[in-house]
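Novice: Please find one structure pasted underneath; my questions will follow.
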Amino acid sequence: MPAFQTVRGMRDLIGEEAQIFITVISKARETSSLYGYKEVITPHVEPLELLSAKSGEEIRQRMFIFKDLGDRQVALRPEFTASIARLATTALKNEPKPLRIFSVGTVYRYDEPQRGRYREFWQSNYELMGSAKPEADAEIVLITNSLMQSLGLQGYAFKIGHIGVIRGILSQDGVDEKTQNAVLQRMDKKEYDAALKLVESEKCRAMLEGLLEIKGKDWQDTVKQIQSYVASYEKAKVATENLAEVLKLIAESANIPMTVEPAFARGLEYYTGMIFEIYIPQLDLALGGGGRYDKLIEAFGGGPTPAVGCAHGVDRVAIALQTQKTARSSQKEKKVAVLPITENMKSEALKIAQQLRAAGLTVEFEVMGRKMAKALEDADKRKVDFAVIVGERELKDGAVVLKDLANRQQSTVPIDKLAEKIKS
Ligand code: HAM
């Protein structure tokens, strides 16, 4: 039989790569609890109808869809937001608002595989439901900022916009919602010519072209430019005011590097307000993104529930950390190998191993029954820090031999002082 491979676009994570994922996931979880988010676990498989309802054409075309044996149309989740919105209309319906929900796990999209783009990838996801206030939008951006900081990422910057600005222009110039969605879809992919071709009104096309020119790092100045540019577009004006409130809160509460881009769009259709993505200079792919979606929960049969959220691509954050070599893996634990000299020392050696583990040390017990020289050679290869050699002679005095594998020095240490000695 040929050696099996993983399915295209899906990866095994082993060794250091797995460690980096674990670090990112645990930082994401720590961040969620710092902001009061409760973690939920939802199924990987959901009804197709739920996942495709408001996600947009782009996601609909890239879902892994199948019929289960009961003839139900189901799909692998391409994101978490739909599942969390489903929860908000069912199990969490009567929970007091705001609801702060965190989740982390794999999601699935039939994207073209390349570095940073996979068909199975990990997201850490935060949803804040029940508030229409700009401080809720600001919180989601601040969470992303906290996560990036806690990981030690350098030089990252936010790209921030508001979907209401483009939609406001399009709707006032008579572009129907379906066409608006198609335009936004193309703008998200930076296919601006194709986007503009879908707009019949020349005036509207010119407006969009002009909007594409506006972007800036000084949020106050950029907001002023947008305000005067959309002065005769009522809905776009309101959207800009809302964006300004969010930006003010973000800028005044933390030093967050950002570019304000009113013509920036995102692939998902459910957004109604502020949207953002985050980038580092070394990678031309978003590490995360999110925004406000005030109509999704209502569309799923809940009461009117404004909401805002974001997701971070763990795979891409891992690449960013590797690129910047700042992966702060959790403090290196000392690793110990416990080696009985003879067969009849096994039980005593096991007992010592358990004592060391109870003291918080990582202990590998010799389970291969190898001779001492072989076992030591192997411990060396696997970067074990200390070998604890359990022999009859020392044991009579309540002691063992402790060998520091880095400097090859060894000494006889009383068992009750062993953990302390290794840790020092
Ligand atoms: P999204 O922008 O589609 O948003 O995905 C979030 C992040 O997932 C991206 O910024 C990227 O880092 C990562 N990602 C997306 N596609 C891939 C891929 N093929 N391979 C690796 N990483 C990928 C959402 O999913 C929204 N649900 C976020 C949200 C939550 N909005 C409101 N609440």
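Within each chain, counting starts at residue 1; across the structure tokens, chains are named A, B, ... in the order shown, with ligands numbered 1 upward in that order.
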Taking only C-alpha atoms and all ligand atoms into account, which residues have an atom no farther than 7 Å from ligand 1? I'd like them as a PyMOL selection string.

Specialist: chain A and resi 79-81+109+111+116-123+125-127+266-268+277+286-293+308-316

Novice: Per residue of stretch 120-190 of chain A within 10 Å of stretch 209-217 of chain A, what are the shortest atom pair and its distance in Å to one decimal, counting only C-alpha atoms, with rows by chain and residue number, as a Markdown table?

Specialist:
| residue | atom | partner | partner_atom | distance |
| --- | --- | --- | --- | --- |
| A:Ala157 | CA | A:Lys217 | CA | 9.9 |
| A:Phe158 | CA | A:Lys217 | CA | 9.8 |
| A:Lys159 | CA | A:Lys217 | CA | 9.4 |
| A:Ile160 | CA | A:Lys215 | CA | 9.7 |
| A:Gly161 | CA | A:Lys215 | CA | 9.5 |
| A:Val165 | CA | A:Leu211 | CA | 9.3 |
| A:Ile166 | CA | A:Leu211 | CA | 8.4 |
| A:Ile169 | CA | A:Leu211 | CA | 9.9 |
| A:Met187 | CA | A:Leu212 | CA | 9.8 |

Novice: With C-alpha atoms retained, could you export that selection as a JSON list (two decimals), in the first residue's frame?

Specialist:
[["chain", "number", "residue", "atom", "x", "y", "z"],
["A", 157, "ALA", "CA", -0.93, 47.52, 12.02],
["A", 158, "PHE", "CA", -4.69, 47.61, 11.81],
["A", 159, "LYS", "CA", -6.61, 48.49, 8.67],
["A", 160, "ILE", "CA", -9.94, 49.96, 9.72],
["A", 161, "GLY", "CA", -13.00, 50.99, 7.74],
["A", 165, "VAL", "CA", -19.64, 54.22, 3.97],
["A", 166, "ILE", "CA", -19.51, 52.24, 0.70],
["A", 169, "ILE", "CA", -22.91, 55.65, -1.36],
["A", 187, "MET", "CA", -13.39, 45.21, -3.66]]

Novice: Which residues, written as a PyMOL selection string, have at least one atom at most 8 Å from A:Val388, with only C-alpha atoms counted and residues fewer than 4 positions away on the same chain left out?

Specialist: chain A and resi 336-339+400-403

Novice: Write the residues you've just listed into a file as a compact mmCIF listing (two decimals), in the first residue's frame, and include C-alpha atoms for each of them.

Specialist:
# COMPACT_ATOMS: atom_id res chain seq x y z
CA VAL A 336 14.36 14.77 33.69
CA ALA A 337 14.94 11.11 32.76
CA VAL A 338 14.60 8.59 35.58
CA LEU A 339 16.71 5.49 34.91
CA VAL A 400 20.20 8.71 43.96
CA VAL A 401 22.80 9.85 41.45
CA LEU A 402 21.87 13.08 39.66
CA LYS A 403 23.68 13.65 36.38

Novice: Enumerate, as an MDAnalysis selection string, the complete set of residues in stretch 235-368 of chain A that a backbone-based DSSP assignment places in alpha helix (DSSP H).

Specialist: chainID A and resid 235:253 296:299 314:324 346:358

Novice: For atom CA of A:Asn407 and atom CA of A:Ser424, quote the distance in Å rounded to one decimal.

Specialist: 15.1 Å

Novice: Run DSSP on the backbone of this structure and report the residues of stretch 21-162 of chain A it assigns to strand (DSSP E or B), as a PyMOL selection string.

Specialist: chain A and resi 38-39+45-47+65-67+73-76+99-108+114+117+120-129+157-162

Novice: With N, CA and C atoms retained, could you export that selection as a short mmCIF file (atom, residue, chain, number, x, y, z; two decimals), in the first residue's frame?

Specialist:
data_model
loop_
_atom_site.label_atom_id
_atom_site.label_comp_id
_atom_site.auth_asym_id
_atom_site.auth_seq_id
_atom_site.Cartn_x
_atom_site.Cartn_y
_atom_site.Cartn_z
N LYS A 38 -16.52 34.00 27.74
CA LYS A 38 -16.72 32.60 28.15
C LYS A 38 -16.51 31.71 26.94
N GLU A 39 -15.78 30.63 27.15
CA GLU A 39 -15.49 29.74 26.02
C GLU A 39 -16.64 28.78 25.77
N VAL A 45 -19.62 20.34 12.29
CA VAL A 45 -20.58 20.17 11.20
C VAL A 45 -21.87 20.88 11.60
N GLU A 46 -22.38 21.69 10.68
CA GLU A 46 -23.61 22.46 10.96
C GLU A 46 -24.52 22.34 9.74
N PRO A 47 -25.82 22.66 9.91
CA PRO A 47 -26.70 22.65 8.75
C PRO A 47 -26.20 23.63 7.69
N ILE A 65 -19.27 20.73 1.56
CA ILE A 65 -20.68 20.41 1.74
C ILE A 65 -20.91 18.92 1.46
N PHE A 66 -21.71 18.31 2.26
CA PHE A 66 -22.08 16.91 1.97
C PHE A 66 -23.43 16.58 2.56
N LYS A 67 -23.98 15.46 2.11
CA LYS A 67 -25.24 14.98 2.69
C LYS A 67 -24.89 13.92 3.71
N GLN A 73 -28.53 18.15 4.33
CA GLN A 73 -27.45 18.94 3.73
C GLN A 73 -26.67 19.60 4.87
N VAL A 74 -25.42 19.19 5.03
CA VAL A 74 -24.60 19.75 6.10
C VAL A 74 -23.27 20.25 5.52
N ALA A 75 -22.51 20.96 6.32
CA ALA A 75 -21.20 21.44 5.86
C ALA A 75 -20.25 21.57 7.04
N LEU A 76 -18.95 21.51 6.74
CA LEU A 76 -17.94 21.79 7.76
C LEU A 76 -17.93 23.31 7.97
N LEU A 99 -23.40 39.50 25.78
CA LEU A 99 -22.82 38.15 25.81
C LEU A 99 -21.42 38.24 25.24
N ARG A 100 -20.47 37.66 25.96
CA ARG A 100 -19.09 37.65 25.45
C ARG A 100 -18.67 36.20 25.29
N ILE A 101 -18.47 35.78 24.05
CA ILE A 101 -18.22 34.37 23.77
C ILE A 101 -16.90 34.18 23.01
N PHE A 102 -16.13 33.22 23.51
CA PHE A 102 -14.84 32.89 22.87
C PHE A 102 -14.90 31.46 22.33
N SER A 103 -14.30 31.22 21.18
CA SER A 103 -14.11 29.83 20.74
C SER A 103 -12.82 29.71 19.95
N VAL A 104 -12.31 28.50 19.95
CA VAL A 104 -11.08 28.25 19.18
C VAL A 104 -11.16 26.84 18.62
N GLY A 105 -10.68 26.68 17.39
CA GLY A 105 -10.72 25.35 16.78
C GLY A 105 -10.48 25.46 15.29
N THR A 106 -10.68 24.32 14.61
CA THR A 106 -10.42 24.31 13.17
C THR A 106 -11.67 24.72 12.41
N VAL A 107 -11.45 25.41 11.30
CA VAL A 107 -12.53 25.74 10.36
C VAL A 107 -12.05 25.33 8.97
N TYR A 108 -12.98 25.28 8.02
CA TYR A 108 -12.68 24.65 6.73
C TYR A 108 -13.15 25.49 5.56
N GLN A 114 -1.68 27.43 -0.28
CA GLN A 114 -0.37 28.06 -0.42
C GLN A 114 0.06 28.46 0.99
N ARG A 117 -2.38 29.85 3.56
CA ARG A 117 -3.75 29.63 3.10
C ARG A 117 -3.99 28.12 3.03
N GLU A 120 -7.91 23.42 5.91
CA GLU A 120 -8.24 23.30 7.33
C GLU A 120 -7.31 24.25 8.07
N PHE A 121 -7.87 25.19 8.80
CA PHE A 121 -7.02 26.11 9.57
C PHE A 121 -7.70 26.44 10.88
N TRP A 122 -6.90 27.04 11.77
CA TRP A 122 -7.40 27.33 13.13
C TRP A 122 -7.78 28.80 13.27
N GLN A 123 -8.87 29.03 13.99
CA GLN A 123 -9.22 30.41 14.33
C GLN A 123 -9.41 30.53 15.84
N SER A 124 -9.03 31.68 16.39
CA SER A 124 -9.49 32.03 17.74
C SER A 124 -10.50 33.15 17.52
N ASN A 125 -11.67 33.00 18.10
CA ASN A 125 -12.82 33.83 17.72
C ASN A 125 -13.51 34.45 18.94
N TYR A 126 -13.80 35.72 18.82
CA TYR A 126 -14.43 36.46 19.93
C TYR A 126 -15.70 37.14 19.42
N GLU A 127 -16.82 36.95 20.10
CA GLU A 127 -18.06 37.63 19.70
C GLU A 127 -18.61 38.36 20.91
N LEU A 128 -18.99 39.62 20.69
CA LEU A 128 -19.60 40.45 21.73
C LEU A 128 -21.00 40.83 21.25
N MET A 129 -22.02 40.27 21.91
CA MET A 129 -23.38 40.40 21.38
C MET A 129 -24.28 41.17 22.34
N ALA A 157 -0.09 46.33 12.19
CA ALA A 157 -0.93 47.52 12.02
C ALA A 157 -2.34 47.11 11.64
N PHE A 158 -3.29 47.87 12.12
CA PHE A 158 -4.69 47.61 11.81
C PHE A 158 -5.10 48.40 10.57
N LYS A 159 -5.97 47.78 9.77
CA LYS A 159 -6.61 48.49 8.67
C LYS A 159 -8.06 48.59 9.09
N ILE A 160 -8.58 49.79 9.19
CA ILE A 160 -9.94 49.96 9.72
C ILE A 160 -10.81 50.75 8.76
N GLY A 161 -12.04 50.28 8.58
CA GLY A 161 -13.00 50.99 7.74
C GLY A 161 -14.40 50.82 8.30
N HIS A 162 -15.39 51.11 7.46
CA HIS A 162 -16.79 50.99 7.89
C HIS A 162 -17.60 50.66 6.65
#

Novice: Name the residues in contact with A:Ala82 at a cut-off of 7 Å, using only C-alpha atoms, excluding same-chain residues fewer than 4 positions from it; report them as a compact mmCIF listing (two decimals) with N, CA, C and O atoms, in the first residue's frame.

Specialist:
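Saved file selection37.txt follows:
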# COMPACT_ATOMS: atom_id res chain seq x y z
N LEU A 50 -27.69 27.16 7.75
CA LEU A 50 -27.18 28.08 8.77
C LEU A 50 -25.90 28.75 8.29
O LEU A 50 -25.73 29.96 8.38
N LEU A 51 -24.97 27.93 7.77
CA LEU A 51 -23.65 28.45 7.41
C LEU A 51 -23.69 29.33 6.18
O LEU A 51 -22.85 30.21 6.00
N ARG A 86 -26.17 31.31 16.14
CA ARG A 86 -27.20 30.28 16.38
C ARG A 86 -27.41 30.09 17.89
O ARG A 86 -28.54 30.05 18.38

Novice: From the list A:Trp219, A:Lys381, A:Val390, A:Asn255, which residue is nearest A:Leu350 when using only C-alpha atoms?

Specialist: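 So, comparing all the options, the nearest one is A:Val390.
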
Novice: Given only C-alpha atoms as the basis, pick out the residue of A:Tyr270, A:Asp137, A:Leu247, A:Gly36 nearest to A:Ile59.

Specialist: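 Among A:Tyr270, A:Asp137, A:Leu247, A:Gly36, it is A:Tyr270 that comes nearest to A:Ile59.
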